[in-house]
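**Q** The following file, data.csv, comprises CSV, N, CA and C atoms:
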```csv
chain,number,residue,atom,x,y,z
A,1,MET,N,26.6,-22.2,0.5
A,1,MET,CA,27.1,-21.0,1.1
A,1,MET,C,26.4,-20.6,2.3
A,2,GLU,N,27.1,-20.3,3.4
A,2,GLU,CA,26.5,-20.0,4.7
A,2,GLU,C,27.2,-18.7,5.2
A,3,HIS,N,26.4,-17.8,5.7
A,3,HIS,CA,27.0,-16.6,6.4
A,3,HIS,C,26.0,-16.1,7.4
A,4,THR,N,26.4,-15.2,8.2
A,4,THR,CA,25.5,-14.6,9.3
A,4,THR,C,25.3,-13.2,9.0
A,5,GLU,N,24.0,-12.8,9.2
A,5,GLU,CA,23.6,-11.3,9.1
A,5,GLU,C,23.4,-10.8,10.5
A,6,VAL,N,23.8,-9.6,10.8
A,6,VAL,CA,23.6,-9.0,12.1
A,6,VAL,C,22.8,-7.7,11.9
A,7,LYS,N,22.0,-7.4,12.8
A,7,LYS,CA,21.1,-6.3,12.7
A,7,LYS,C,21.8,-5.0,12.6
A,8,SER,N,21.2,-4.0,12.1
A,8,SER,CA,21.7,-2.6,11.9
A,8,SER,C,21.6,-1.9,13.2
A,9,GLU,N,22.4,-0.9,13.5
A,9,GLU,CA,22.3,0.0,14.7
A,9,GLU,C,21.0,0.8,14.6
A,10,ASN,N,20.4,1.0,13.4
A,10,ASN,CA,19.2,1.7,13.2
A,10,ASN,C,18.0,0.9,13.8
A,11,ALA,N,18.1,-0.4,13.9
A,11,ALA,CA,17.0,-1.2,14.4
A,11,ALA,C,17.1,-1.4,15.9
A,12,ARG,N,16.9,-0.3,16.6
A,12,ARG,CA,17.1,-0.3,18.0
A,12,ARG,C,15.8,-0.6,18.8
A,13,ASN,N,14.6,-0.5,18.2
A,13,ASN,CA,13.4,-0.6,18.9
A,13,ASN,C,12.6,-1.9,18.4
A,14,VAL,N,13.0,-3.0,18.8
A,14,VAL,CA,12.4,-4.3,18.5
A,14,VAL,C,11.8,-4.9,19.7
A,15,ILE,N,10.5,-5.2,19.7
A,15,ILE,CA,9.8,-5.9,20.8
A,15,ILE,C,9.4,-7.2,20.3
A,16,LEU,N,9.7,-8.3,21.0
A,16,LEU,CA,9.3,-9.6,20.5
A,16,LEU,C,8.4,-10.3,21.5
A,17,SER,N,7.3,-10.9,21.0
A,17,SER,CA,6.4,-11.7,21.8
A,17,SER,C,6.7,-13.1,21.4
A,18,TYR,N,7.1,-14.0,22.3
A,18,TYR,CA,7.5,-15.4,22.0
A,18,TYR,C,7.2,-16.2,23.2
A,19,ASN,N,6.5,-17.3,23.1
A,19,ASN,CA,6.2,-18.2,24.2
A,19,ASN,C,5.5,-17.5,25.3
A,20,GLU,N,4.5,-16.6,24.9
A,20,GLU,CA,3.7,-15.8,25.9
A,20,GLU,C,4.5,-14.9,26.8
A,21,LYS,N,5.7,-14.5,26.4
A,21,LYS,CA,6.6,-13.6,27.1
A,21,LYS,C,6.9,-12.5,26.2
A,22,ILE,N,7.2,-11.3,26.7
A,22,ILE,CA,7.6,-10.1,26.0
A,22,ILE,C,9.1,-9.9,26.2
A,23,TYR,N,9.8,-9.6,25.1
A,23,TYR,CA,11.3,-9.3,25.2
A,23,TYR,C,11.6,-8.0,24.4
A,24,PHE,N,12.6,-7.3,24.9
A,24,PHE,CA,13.2,-6.2,24.2
A,24,PHE,C,14.5,-6.7,23.5
A,25,VAL,N,14.5,-6.6,22.2
A,25,VAL,CA,15.6,-7.3,21.4
A,25,VAL,C,16.8,-6.3,21.3
A,26,ASN,N,18.0,-6.8,21.5
A,26,ASN,CA,19.2,-6.0,21.4
A,26,ASN,C,19.8,-6.2,20.0
A,27,GLY,N,19.7,-7.4,19.5
A,27,GLY,CA,20.3,-7.8,18.2
A,27,GLY,C,19.8,-9.1,17.7
A,28,VAL,N,19.9,-9.4,16.4
A,28,VAL,CA,19.5,-10.7,15.9
A,28,VAL,C,20.6,-11.2,14.9
A,29,ASN,N,20.9,-12.4,15.1
A,29,ASN,CA,21.9,-13.1,14.2
A,29,ASN,C,21.1,-14.2,13.5
A,30,VAL,N,21.2,-14.3,12.2
A,30,VAL,CA,20.5,-15.3,11.4
A,30,VAL,C,21.5,-16.1,10.6
A,31,LYS,N,21.4,-17.4,10.7
A,31,LYS,CA,22.2,-18.3,9.8
A,31,LYS,C,21.5,-18.5,8.5
A,32,ILE,N,22.2,-18.2,7.4
A,32,ILE,CA,21.5,-18.3,6.1
A,32,ILE,C,22.2,-19.5,5.3
A,33,HIS,N,21.3,-20.4,4.8
A,33,HIS,CA,21.7,-21.4,3.9
A,33,HIS,C,20.9,-21.2,2.6
A,34,GLU,N,21.6,-21.0,1.5
A,34,GLU,CA,20.9,-20.7,0.3
A,34,GLU,C,19.8,-21.8,0.0
A,35,GLY,N,18.7,-21.3,-0.4
A,35,GLY,CA,17.6,-22.2,-0.7
A,35,GLY,C,16.7,-22.6,0.4
A,36,ASP,N,17.1,-22.3,1.7
A,36,ASP,CA,16.3,-22.7,2.8
A,36,ASP,C,15.1,-21.7,3.0
A,37,GLU,N,13.9,-22.2,3.3
A,37,GLU,CA,12.8,-21.4,3.6
A,37,GLU,C,12.7,-21.1,5.1
A,38,LYS,N,13.3,-22.0,5.9
A,38,LYS,CA,13.3,-21.8,7.4
A,38,LYS,C,14.8,-21.4,7.7
A,39,LEU,N,14.9,-20.4,8.6
A,39,LEU,CA,16.2,-19.9,9.0
A,39,LEU,C,16.3,-20.0,10.5
A,40,GLN,N,17.5,-20.2,11.0
A,40,GLN,CA,17.8,-20.3,12.4
A,40,GLN,C,18.2,-18.9,12.9
A,41,ALA,N,17.5,-18.3,13.8
A,41,ALA,CA,17.8,-16.9,14.3
A,41,ALA,C,18.0,-17.0,15.8
A,42,VAL,N,19.0,-16.2,16.2
A,42,VAL,CA,19.2,-16.0,17.6
A,42,VAL,C,18.9,-14.5,18.0
A,43,PHE,N,17.8,-14.4,18.8
A,43,PHE,CA,17.4,-13.0,19.2
A,43,PHE,C,18.1,-12.8,20.6
A,44,HIS,N,19.0,-11.8,20.6
A,44,HIS,CA,19.6,-11.4,21.9
A,44,HIS,C,18.7,-10.4,22.5
A,45,ALA,N,18.2,-10.7,23.7
A,45,ALA,CA,17.1,-9.9,24.2
A,45,ALA,C,17.1,-9.9,25.7
A,46,LYS,N,16.2,-9.0,26.3
A,46,LYS,CA,16.0,-9.0,27.7
A,46,LYS,C,14.5,-9.2,27.9
A,47,ARG,N,14.1,-10.0,28.9
A,47,ARG,CA,12.7,-10.2,29.2
A,47,ARG,C,12.2,-8.9,29.8
A,48,ALA,N,11.0,-8.5,29.4
A,48,ALA,CA,10.4,-7.3,29.9
A,48,ALA,C,10.0,-7.5,31.4
A,49,SER,N,9.7,-8.7,31.8
A,49,SER,CA,9.2,-8.8,33.2
A,49,SER,C,10.3,-8.6,34.2
A,50,ASP,N,11.5,-9.0,33.9
A,50,ASP,CA,12.5,-8.9,35.0
A,50,ASP,C,13.9,-8.4,34.4
A,51,ASN,N,13.9,-8.0,33.1
A,51,ASN,CA,15.1,-7.4,32.5
A,51,ASN,C,16.3,-8.4,32.4
A,52,ALA,N,16.0,-9.7,32.6
A,52,ALA,CA,17.1,-10.7,32.5
A,52,ALA,C,17.5,-10.9,31.0
A,53,SER,N,18.8,-11.0,30.7
A,53,SER,CA,19.2,-11.2,29.4
A,53,SER,C,19.0,-12.7,29.0
A,54,GLN,N,18.7,-12.9,27.7
A,54,GLN,CA,18.4,-14.2,27.3
A,54,GLN,C,18.7,-14.2,25.8
A,55,ASP,N,19.3,-15.3,25.3
A,55,ASP,CA,19.4,-15.6,23.9
A,55,ASP,C,18.4,-16.6,23.5
A,56,LEU,N,17.5,-16.2,22.5
A,56,LEU,CA,16.4,-17.0,22.1
A,56,LEU,C,16.7,-17.6,20.7
A,57,ASP,N,16.8,-18.9,20.7
A,57,ASP,CA,17.1,-19.6,19.4
A,57,ASP,C,15.8,-20.0,18.8
A,58,ILE,N,15.4,-19.3,17.7
A,58,ILE,CA,14.1,-19.4,17.1
A,58,ILE,C,14.2,-19.7,15.6
A,59,GLU,N,13.4,-20.6,15.1
A,59,GLU,CA,13.3,-20.8,13.7
A,59,GLU,C,12.3,-19.8,13.1
A,60,ILE,N,12.8,-19.1,12.1
A,60,ILE,CA,11.9,-18.1,11.5
A,60,ILE,C,11.8,-18.4,10.0
A,61,ASN,N,10.8,-17.9,9.3
A,61,ASN,CA,10.6,-18.1,7.9
A,61,ASN,C,11.3,-17.0,7.2
A,62,LYS,N,11.5,-17.2,5.9
A,62,LYS,CA,12.2,-16.2,5.0
A,62,LYS,C,11.5,-14.9,5.0
A,63,ALA,N,10.1,-14.8,5.1
A,63,ALA,CA,9.4,-13.6,5.1
A,63,ALA,C,9.7,-12.8,6.3
A,64,THR,N,9.8,-13.4,7.5
A,64,THR,CA,10.2,-12.7,8.7
A,64,THR,C,11.6,-12.2,8.6
A,65,TYR,N,12.5,-12.9,8.1
A,65,TYR,CA,13.9,-12.5,7.9
A,65,TYR,C,13.9,-11.2,7.0
A,66,ASP,N,13.1,-11.3,5.9
A,66,ASP,CA,13.1,-10.1,5.0
A,66,ASP,C,12.6,-8.9,5.6
A,67,VAL,N,11.5,-9.0,6.5
A,67,VAL,CA,11.0,-7.9,7.2
A,67,VAL,C,12.0,-7.3,8.2
A,68,LEU,N,12.8,-8.2,8.9
A,68,LEU,CA,13.8,-7.7,9.8
A,68,LEU,C,14.9,-6.9,9.0
A,69,ILE,N,15.3,-7.4,7.9
A,69,ILE,CA,16.3,-6.7,7.0
A,69,ILE,C,15.8,-5.4,6.6
A,70,GLU,N,14.6,-5.3,6.1
A,70,GLU,CA,14.0,-4.0,5.6
A,70,GLU,C,13.9,-3.0,6.8
A,71,TYR,N,13.5,-3.5,8.0
A,71,TYR,CA,13.4,-2.6,9.1
A,71,TYR,C,14.8,-2.1,9.5
A,72,ALA,N,15.8,-2.9,9.4
A,72,ALA,CA,17.1,-2.5,9.8
A,72,ALA,C,17.7,-1.4,8.8
A,73,LYS,N,17.2,-1.5,7.5
A,73,LYS,CA,17.6,-0.6,6.5
A,73,LYS,C,17.0,0.8,6.6
A,74,LEU,N,15.8,0.9,7.3
A,74,LEU,CA,15.2,2.2,7.5
A,74,LEU,C,16.0,3.2,8.2
A,75,ASP,N,16.0,4.4,7.8
A,75,ASP,CA,16.9,5.4,8.3
A,75,ASP,C,16.1,6.3,9.4
A,76,THR,N,15.4,5.7,10.3
A,76,THR,CA,14.7,6.4,11.3
A,76,THR,C,14.8,5.6,12.6
A,77,LEU,N,15.1,6.4,13.7
A,77,LEU,CA,15.1,5.7,15.0
A,77,LEU,C,13.8,5.9,15.7
A,78,ASP,N,12.8,6.4,15.1
A,78,ASP,CA,11.5,6.7,15.7
A,78,ASP,C,10.6,5.4,15.6
A,79,LEU,N,10.9,4.5,14.7
A,79,LEU,CA,10.0,3.3,14.5
A,79,LEU,C,10.2,2.2,15.6
A,80,ILE,N,9.2,1.7,16.1
A,80,ILE,CA,9.2,0.5,17.0
A,80,ILE,C,8.6,-0.6,16.1
A,81,MET,N,9.4,-1.8,16.1
A,81,MET,CA,8.9,-2.9,15.4
A,81,MET,C,8.5,-3.9,16.5
A,82,VAL,N,7.2,-4.5,16.4
A,82,VAL,CA,6.7,-5.5,17.3
A,82,VAL,C,6.5,-6.7,16.5
A,83,ILE,N,7.1,-7.8,16.9
A,83,ILE,CA,7.0,-9.1,16.2
A,83,ILE,C,6.4,-10.1,17.2
A,84,LYS,N,5.5,-10.9,16.7
A,84,LYS,CA,4.9,-12.0,17.5
A,84,LYS,C,5.2,-13.3,16.8
A,85,ILE,N,5.9,-14.2,17.4
A,85,ILE,CA,6.3,-15.5,16.8
A,85,ILE,C,5.6,-16.5,17.6
A,86,ASP,N,4.7,-17.3,16.9
A,86,ASP,CA,3.9,-18.3,17.5
A,86,ASP,C,4.1,-19.6,16.6
A,87,GLY,N,5.0,-20.5,17.0
A,87,GLY,CA,5.3,-21.6,16.2
A,87,GLY,C,5.9,-21.2,14.9
A,88,ALA,N,5.3,-21.7,13.8
A,88,ALA,CA,5.8,-21.4,12.5
A,88,ALA,C,5.2,-20.1,11.9
A,89,GLU,N,4.3,-19.5,12.7
A,89,GLU,CA,3.7,-18.3,12.2
A,89,GLU,C,4.2,-17.1,12.9
A,90,SER,N,4.3,-16.0,12.1
A,90,SER,CA,4.8,-14.7,12.8
A,90,SER,C,3.9,-13.6,12.2
A,91,LYS,N,3.8,-12.6,13.1
A,91,LYS,CA,3.0,-11.4,12.7
A,91,LYS,C,3.9,-10.2,13.2
A,92,TRP,N,3.8,-9.1,12.5
A,92,TRP,CA,4.6,-7.9,12.9
A,92,TRP,C,3.8,-6.7,12.6
A,93,CYS,N,4.3,-5.6,13.2
A,93,CYS,CA,3.8,-4.3,12.9
A,93,CYS,C,4.8,-3.2,13.3
A,94,MET,N,4.7,-2.0,12.8
A,94,MET,CA,5.6,-1.0,13.1
A,94,MET,C,4.8,0.2,13.5
A,95,LEU,N,5.3,1.0,14.5
A,95,LEU,CA,4.6,2.2,14.9
A,95,LEU,C,5.6,3.3,15.3
A,96,SER,N,5.2,4.5,15.3
A,96,SER,CA,6.1,5.6,15.7
A,96,SER,C,6.2,5.7,17.2
A,97,GLU,N,7.4,5.8,17.7
A,97,GLU,CA,7.6,6.0,19.1
A,97,GLU,C,7.0,7.3,19.6
A,98,ASP,N,7.2,8.4,18.8
A,98,ASP,CA,6.6,9.7,19.1
A,98,ASP,C,5.1,9.6,19.2
A,99,TRP,N,4.5,9.0,18.2
A,99,TRP,CA,3.1,8.9,18.2
A,99,TRP,C,2.6,8.1,19.4
A,100,LEU,N,3.2,7.0,19.8
A,100,LEU,CA,2.8,6.2,20.9
A,100,LEU,C,2.9,7.1,22.2
A,101,LYS,N,4.0,7.8,22.4
A,101,LYS,CA,4.2,8.7,23.5
A,101,LYS,C,3.1,9.7,23.6
A,102,ASN,N,2.7,10.3,22.5
A,102,ASN,CA,1.6,11.3,22.4
A,102,ASN,C,0.3,10.7,22.8
A,103,GLN,N,0.1,9.4,22.3
A,103,GLN,CA,-1.2,8.8,22.6
A,103,GLN,C,-1.3,8.4,24.1
A,104,LEU,N,-0.2,8.0,24.7
A,104,LEU,CA,-0.1,7.7,26.1
A,104,LEU,C,-0.3,8.9,27.0
A,105,SER,N,0.2,10.0,26.6
A,105,SER,CA,0.1,11.2,27.4
A,105,SER,C,-1.2,11.9,27.3
A,106,THR,N,-2.0,11.6,26.2
A,106,THR,CA,-3.3,12.2,26.0
A,106,THR,C,-4.5,11.4,26.5
A,107,THR,N,-4.2,10.1,26.9
A,107,THR,CA,-5.3,9.3,27.3
A,107,THR,C,-5.5,9.4,28.8
A,108,SER,N,-6.8,9.5,29.2
A,108,SER,CA,-7.2,9.7,30.6
A,108,SER,C,-7.3,8.3,31.3
A,109,SER,N,-7.6,7.3,30.5
A,109,SER,CA,-7.7,5.9,31.1
A,109,SER,C,-6.4,5.2,31.1
A,110,SER,N,-6.3,4.0,31.7
A,110,SER,CA,-5.1,3.2,31.7
A,110,SER,C,-4.7,2.8,30.2
A,111,ALA,N,-3.5,3.0,29.8
A,111,ALA,CA,-3.1,2.6,28.5
A,111,ALA,C,-2.2,1.4,28.5
A,112,TYR,N,-2.3,0.6,27.5
A,112,TYR,CA,-1.4,-0.6,27.4
A,112,TYR,C,-1.2,-0.9,25.9
A,113,ILE,N,-0.2,-1.8,25.6
A,113,ILE,CA,0.1,-2.2,24.3
A,113,ILE,C,-0.1,-3.7,24.3
A,114,VAL,N,-0.8,-4.2,23.3
A,114,VAL,CA,-1.1,-5.6,23.2
A,114,VAL,C,-0.2,-6.2,22.1
```
Please express the file's structure as structure tokens.
**A**
Amino acid sequence: MEHTEVKSENARNVILSYNEKIYFVNGVNVKIHEGDEKLQAVFHAKRASDNASQDLDIEINKATYDVLIEYAKLDTLDLIMVIKIDGAESKWCMLSEDWLKNQLSTTSSSAYIV
């Protein structure tokens, strides 16, 4: 059995680090084959450096897919999800957009996100 999952409208703030570049993700399509641990995902994104649209065809593991699905189910537009995919390994975190804006406005030195 094969089908495609498409991200929820609630998952609007996804930032992807891939191949040493940063992307703002508009949507993710994942091809699912029952029993597979590796899934083929297409991240529809814009490069942060020049805002150019790009579709990134990336193999992700089931755990990364599960995190994307749970993020899409959340009923808040305040959360930013940051995913770093490096080969077969991926890391992710979530943070509040309001919290981040408050931190950036209260810092006196240069602020950045890693």
**Q** Using only N, CA and C atoms, which protein or nucleic acid residues come within 8 Å of A:Asp98? Drop anything in the same chain fewer than 3 positions from it, and give the result as a list in words.
**A**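 The neighbour list is Leu77, Asp78, Leu79, Ile80, Leu95, Lys101, Asn102, Gln103 and Leu104 of chain A.
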**Q** Select, from A:Glu20, A:Glu97, A:Glu59, A:Asp66, the residue with the minimum atom-to-atom distance to A:Leu39, counting all atoms listed in the file.
**A** A:Glu59
**Q** Assign secondary structure with DSSP using the backbone only, and return the residues of chain A in alpha helix (DSSP H) as a PyMOL selection string.
**A** chain A and resi 62-73+97-106
**Q** Using atom CA of A:Asn29 and atom CA of A:Ile69 as the two end points, give the distance in Å to one decimal.
**A**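 That distance, rounded to one decimal, is 11.1 Å.
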**Q** Residues at most 8 Å from A:Phe43, counting only N, CA and C atoms, excluding those fewer than 6 positions away in the same chain, as a PyMOL selection string?
**A** chain A and resi 24-30+54-58
**Q** What is the atom CA of A:Val14 to atom CA of A:Gly35 distance in Å?
**A**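 Those two atoms sit 26.8 Å apart.
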**Q** Between A:Leu100, A:Ile83, A:Ala72, A:Ala63, which has the minimum distance to A:Glu37 (counting all atoms listed in the file)?
**A**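 Smallest separation from A:Glu37 among the options: A:Ala63.
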